[in-house]
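Scroll down for the structure; my scribbles are underneath it.
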Amino acid sequence: MSEQDINAEIILDHYRNPHNYGKIANATGSVTEYNPVCGDTVHIDILEKDGKIEEIMFMGRGCSISQGSASMLTDFVKGKSPEEIMKVGDEEYLHMLGLELGPAREKCALLPLNAMHKALQERIRK
Ligand code: FES
């Protein structure tokens, strides 16, 4: 099995058995992001405490890449500071997922990262 195949299996497993799926009642930030091309959505709730993401939950509807990526993102950002997360760019995130994707599928994979960045930006405005 190639590394690419293994990474594809990992994201599929997240899609089938999502981590941190649900809502946070006392969230400090929330956002729903959608892919205008297909209408698929990712909703993220975050709870910040002492300058770190203490809790994150997501809900959504869409393809295996967008939803699997959302589950992986929730594991990745837990315990990190908003500043660290804001620094993660598209390239770095796609590299972390370890999948070779075409431009359309890259948008699927990046939907949760965009949602996360928006959730952090919105809570700054509050
Ligand atoms: Fe809609 Fe992937 S096909 S986000």
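So you can find residues: chains in the structure tokens are A, B, ... in the order shown, residues in each start at 1, and ligands are numbered from 1 in order.
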
When the cut-off is 7 Å and you count only C-alpha atoms and all ligand atoms, which residues lie near ligand 1, shown as a compact mmCIF listing (two decimals) with all heavy atoms, in the first residue's frame?
```
# COMPACT_ATOMS: atom_id res chain seq x y z
N ASN A 35 -19.47 24.99 0.57
CA ASN A 35 -18.81 25.00 -0.73
C ASN A 35 -19.85 25.41 -1.76
O ASN A 35 -20.82 24.69 -2.00
CB ASN A 35 -18.28 23.59 -1.03
CG ASN A 35 -17.54 23.52 -2.35
OD1 ASN A 35 -17.72 24.39 -3.21
ND2 ASN A 35 -16.74 22.48 -2.52
N VAL A 37 -19.94 25.41 -4.82
CA VAL A 37 -20.03 24.57 -6.02
C VAL A 37 -21.04 23.43 -5.82
O VAL A 37 -21.83 23.12 -6.70
CB VAL A 37 -18.63 24.00 -6.39
CG1 VAL A 37 -18.72 23.07 -7.59
CG2 VAL A 37 -17.66 25.12 -6.65
N CYS A 38 -21.01 22.83 -4.63
CA CYS A 38 -21.85 21.64 -4.39
C CYS A 38 -22.87 21.86 -3.28
O CYS A 38 -23.78 21.07 -3.12
CB CYS A 38 -20.97 20.46 -4.04
SG CYS A 38 -19.99 20.80 -2.57
N GLY A 39 -22.68 22.91 -2.47
CA GLY A 39 -23.59 23.17 -1.36
C GLY A 39 -23.28 22.40 -0.09
O GLY A 39 -24.01 22.50 0.88
N ASP A 40 -22.20 21.63 -0.11
CA ASP A 40 -21.83 20.87 1.10
C ASP A 40 -21.41 21.82 2.22
O ASP A 40 -20.88 22.90 1.97
CB ASP A 40 -20.68 19.90 0.80
CG ASP A 40 -21.13 18.77 -0.11
OD1 ASP A 40 -22.35 18.62 -0.30
OD2 ASP A 40 -20.26 18.06 -0.63
N GLY A 62 -21.78 16.29 3.46
CA GLY A 62 -21.01 16.42 2.24
C GLY A 62 -20.18 15.20 1.92
O GLY A 62 -20.38 14.13 2.49
N CYS A 63 -19.24 15.40 1.03
CA CYS A 63 -18.44 14.29 0.51
C CYS A 63 -17.48 13.77 1.58
O CYS A 63 -17.25 14.41 2.61
CB CYS A 63 -17.66 14.77 -0.71
SG CYS A 63 -16.42 16.01 -0.31
N ILE A 65 -14.33 13.55 1.56
CA ILE A 65 -13.11 14.35 1.79
C ILE A 65 -13.41 15.54 2.71
O ILE A 65 -12.67 15.80 3.66
CB ILE A 65 -12.49 14.82 0.45
CG1 ILE A 65 -12.01 13.59 -0.32
CG2 ILE A 65 -11.33 15.78 0.69
CD1 ILE A 65 -11.31 13.89 -1.62
N SER A 66 -14.50 16.25 2.45
CA SER A 66 -14.80 17.41 3.30
C SER A 66 -15.10 16.98 4.74
O SER A 66 -14.61 17.60 5.70
CB SER A 66 -15.97 18.23 2.74
OG SER A 66 -17.18 17.52 2.77
N ARG A 105 -11.24 18.85 -5.65
CA ARG A 105 -11.19 18.08 -4.41
C ARG A 105 -10.37 18.80 -3.34
O ARG A 105 -10.60 18.61 -2.14
CB ARG A 105 -10.60 16.68 -4.66
CG ARG A 105 -11.38 15.87 -5.66
CD ARG A 105 -12.87 15.79 -5.34
NE ARG A 105 -13.22 14.58 -4.63
CZ ARG A 105 -14.38 14.39 -4.00
NH1 ARG A 105 -15.29 15.34 -4.01
NH2 ARG A 105 -14.63 13.25 -3.38
N LYS A 107 -10.65 21.89 -2.79
CA LYS A 107 -11.65 22.78 -2.16
C LYS A 107 -12.44 22.02 -1.10
O LYS A 107 -12.78 22.55 -0.06
CB LYS A 107 -12.58 23.36 -3.22
CG LYS A 107 -11.91 24.40 -4.08
CD LYS A 107 -12.90 25.46 -4.53
CE LYS A 107 -12.23 26.68 -5.11
NZ LYS A 107 -11.33 26.41 -6.22
N CYS A 108 -12.76 20.76 -1.41
CA CYS A 108 -13.47 19.91 -0.43
C CYS A 108 -12.62 19.79 0.84
O CYS A 108 -13.11 19.97 1.95
CB CYS A 108 -13.68 18.49 -0.96
SG CYS A 108 -14.56 18.37 -2.52
N LEU A 111 -12.38 23.05 3.01
CA LEU A 111 -13.61 23.62 3.57
C LEU A 111 -13.54 23.72 5.11
O LEU A 111 -13.84 24.78 5.68
CB LEU A 111 -14.81 22.79 3.11
CG LEU A 111 -16.21 23.31 3.40
CD1 LEU A 111 -16.48 24.62 2.67
CD2 LEU A 111 -17.26 22.28 2.99
```

ask   = Taking the backbone alone, and naming residues the way the document does, which bits of region 8-122 of chain A are strand (DSSP E) by DSSP, as a PyMOL selection string?
value = chain A and resi 29-34+41-49+52-61

task = Figure out the distance between CA of Ser64 (chain A) and CA of Leu12 (chain A), please, to one decimal in Å.
result = 6.4 Å

request  = Name all residues at most 12 Å from Leu47 (chain A) (count only C-alpha atoms; drop same-chain ones fewer than 4 positions away) and give them as a list in words.
outcome  = Lys23, Ile24, Ala25, Asn26, Ala27, Thr28, Gly29, Ser30, Gly51, Lys52, Ile53, Glu54, Glu55, Ile56, Met57, Phe58, Thr74, Val77, Lys78, Gly79, Lys80, Ser81, Pro82, Met116, Ala119, Leu120 and Arg123 of chain A

inquiry  = DSSP on the backbone, alpha helix (DSSP H) only: what residues of region 46-79 of chain A does that give? Format it as a ChimeraX atom specification.
reply    = /A:64-77

Mind dumping the selected residues with N, CA, C and O atoms as an mmCIF file, in the first residue's frame?
```
data_model
loop_
_atom_site.group_PDB
_atom_site.id
_atom_site.type_symbol
_atom_site.label_atom_id
_atom_site.label_comp_id
_atom_site.auth_asym_id
_atom_site.auth_seq_id
_atom_site.Cartn_x
_atom_site.Cartn_y
_atom_site.Cartn_z
ATOM 1 N N SER A 64 -16.923 12.605 1.294
ATOM 2 C CA SER A 64 -16.034 11.958 2.273
ATOM 3 C C SER A 64 -14.803 12.811 2.559
ATOM 4 O O SER A 64 -14.308 12.824 3.688
ATOM 5 N N ILE A 65 -14.328 13.552 1.562
ATOM 6 C CA ILE A 65 -13.113 14.353 1.793
ATOM 7 C C ILE A 65 -13.405 15.537 2.708
ATOM 8 O O ILE A 65 -12.672 15.797 3.662
ATOM 9 N N SER A 66 -14.502 16.252 2.451
ATOM 10 C CA SER A 66 -14.799 17.414 3.304
ATOM 11 C C SER A 66 -15.098 16.979 4.740
ATOM 12 O O SER A 66 -14.613 17.601 5.696
ATOM 13 N N GLN A 67 -15.856 15.918 4.893
ATOM 14 C CA GLN A 67 -16.255 15.506 6.244
ATOM 15 C C GLN A 67 -15.118 14.780 6.966
ATOM 16 O O GLN A 67 -14.914 14.944 8.166
ATOM 17 N N GLY A 68 -14.357 13.991 6.226
ATOM 18 C CA GLY A 68 -13.182 13.331 6.826
ATOM 19 C C GLY A 68 -12.143 14.359 7.232
ATOM 20 O O GLY A 68 -11.533 14.261 8.303
ATOM 21 N N SER A 69 -11.949 15.357 6.387
ATOM 22 C CA SER A 69 -11.001 16.432 6.686
ATOM 23 C C SER A 69 -11.457 17.204 7.926
ATOM 24 O O SER A 69 -10.632 17.593 8.769
ATOM 25 N N ALA A 70 -12.769 17.435 8.056
ATOM 26 C CA ALA A 70 -13.292 18.164 9.223
ATOM 27 C C ALA A 70 -12.991 17.397 10.513
ATOM 28 O O ALA A 70 -12.571 17.982 11.516
ATOM 29 N N SER A 71 -13.178 16.088 10.469
ATOM 30 C CA SER A 71 -12.896 15.271 11.651
ATOM 31 C C SER A 71 -11.413 15.338 12.008
ATOM 32 O O SER A 71 -11.040 15.504 13.179
ATOM 33 N N MET A 72 -10.540 15.240 10.988
ATOM 34 C CA MET A 72 -9.097 15.308 11.232
ATOM 35 C C MET A 72 -8.701 16.681 11.772
ATOM 36 O O MET A 72 -7.851 16.791 12.646
ATOM 37 N N LEU A 73 -9.339 17.718 11.250
ATOM 38 C CA LEU A 73 -9.036 19.078 11.708
ATOM 39 C C LEU A 73 -9.340 19.234 13.203
ATOM 40 O O LEU A 73 -8.576 19.855 13.939
ATOM 41 N N THR A 74 -10.457 18.646 13.639
ATOM 42 C CA THR A 74 -10.822 18.812 15.055
ATOM 43 C C THR A 74 -9.753 18.202 15.961
ATOM 44 O O THR A 74 -9.424 18.768 17.002
ATOM 45 N N ASP A 75 -9.195 17.060 15.550
ATOM 46 C CA ASP A 75 -8.113 16.458 16.344
ATOM 47 C C ASP A 75 -6.875 17.342 16.319
ATOM 48 O O ASP A 75 -6.193 17.522 17.319
ATOM 49 N N PHE A 76 -6.593 17.905 15.139
ATOM 50 C CA PHE A 76 -5.377 18.682 14.931
ATOM 51 C C PHE A 76 -5.355 19.961 15.763
ATOM 52 O O PHE A 76 -4.315 20.344 16.303
ATOM 53 N N VAL A 77 -6.498 20.659 15.860
ATOM 54 C CA VAL A 77 -6.469 21.988 16.483
ATOM 55 C C VAL A 77 -6.638 21.961 18.005
ATOM 56 O O VAL A 77 -6.334 22.951 18.665
#
```

query = From the list A:Gly102, A:Tyr34, A:Glu84, A:Arg61, which residue is nearest Ala115 (chain A) when using only C-alpha atoms?
reply =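 Among A:Gly102, A:Tyr34, A:Glu84, A:Arg61, it is A:Tyr34 that comes nearest to Ala115 (chain A).
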
request  = Could you check how far CA of His43 (chain A) sits from CA of Met86 (chain A), in Å to one decimal?
outcome  =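 Separation between CA of His43 (chain A) and CA of Met86 (chain A): 17.5 Å.
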
ask   = Near Asp5 (chain A), within 12 Å and counting only C-alpha atoms, which residues show up once chain neighbours fewer than 5 positions away are dropped, as a VMD selection string?
value = chain A and resid 10 to 12 97 to 100

task = Kindly indicate which residue among A:Ala8, A:Asn20, A:Leu101, A:Glu106 lies nearest to Ile46 (chain A), using only C-alpha atoms for the distances.
result = A:Asn20

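If only C-alpha atoms are the atoms counted, then among A:Gln121, A:Thr41, A:Asn7, A:Thr32 the closest residue to Gly60 (chain A) is A:Thr41.
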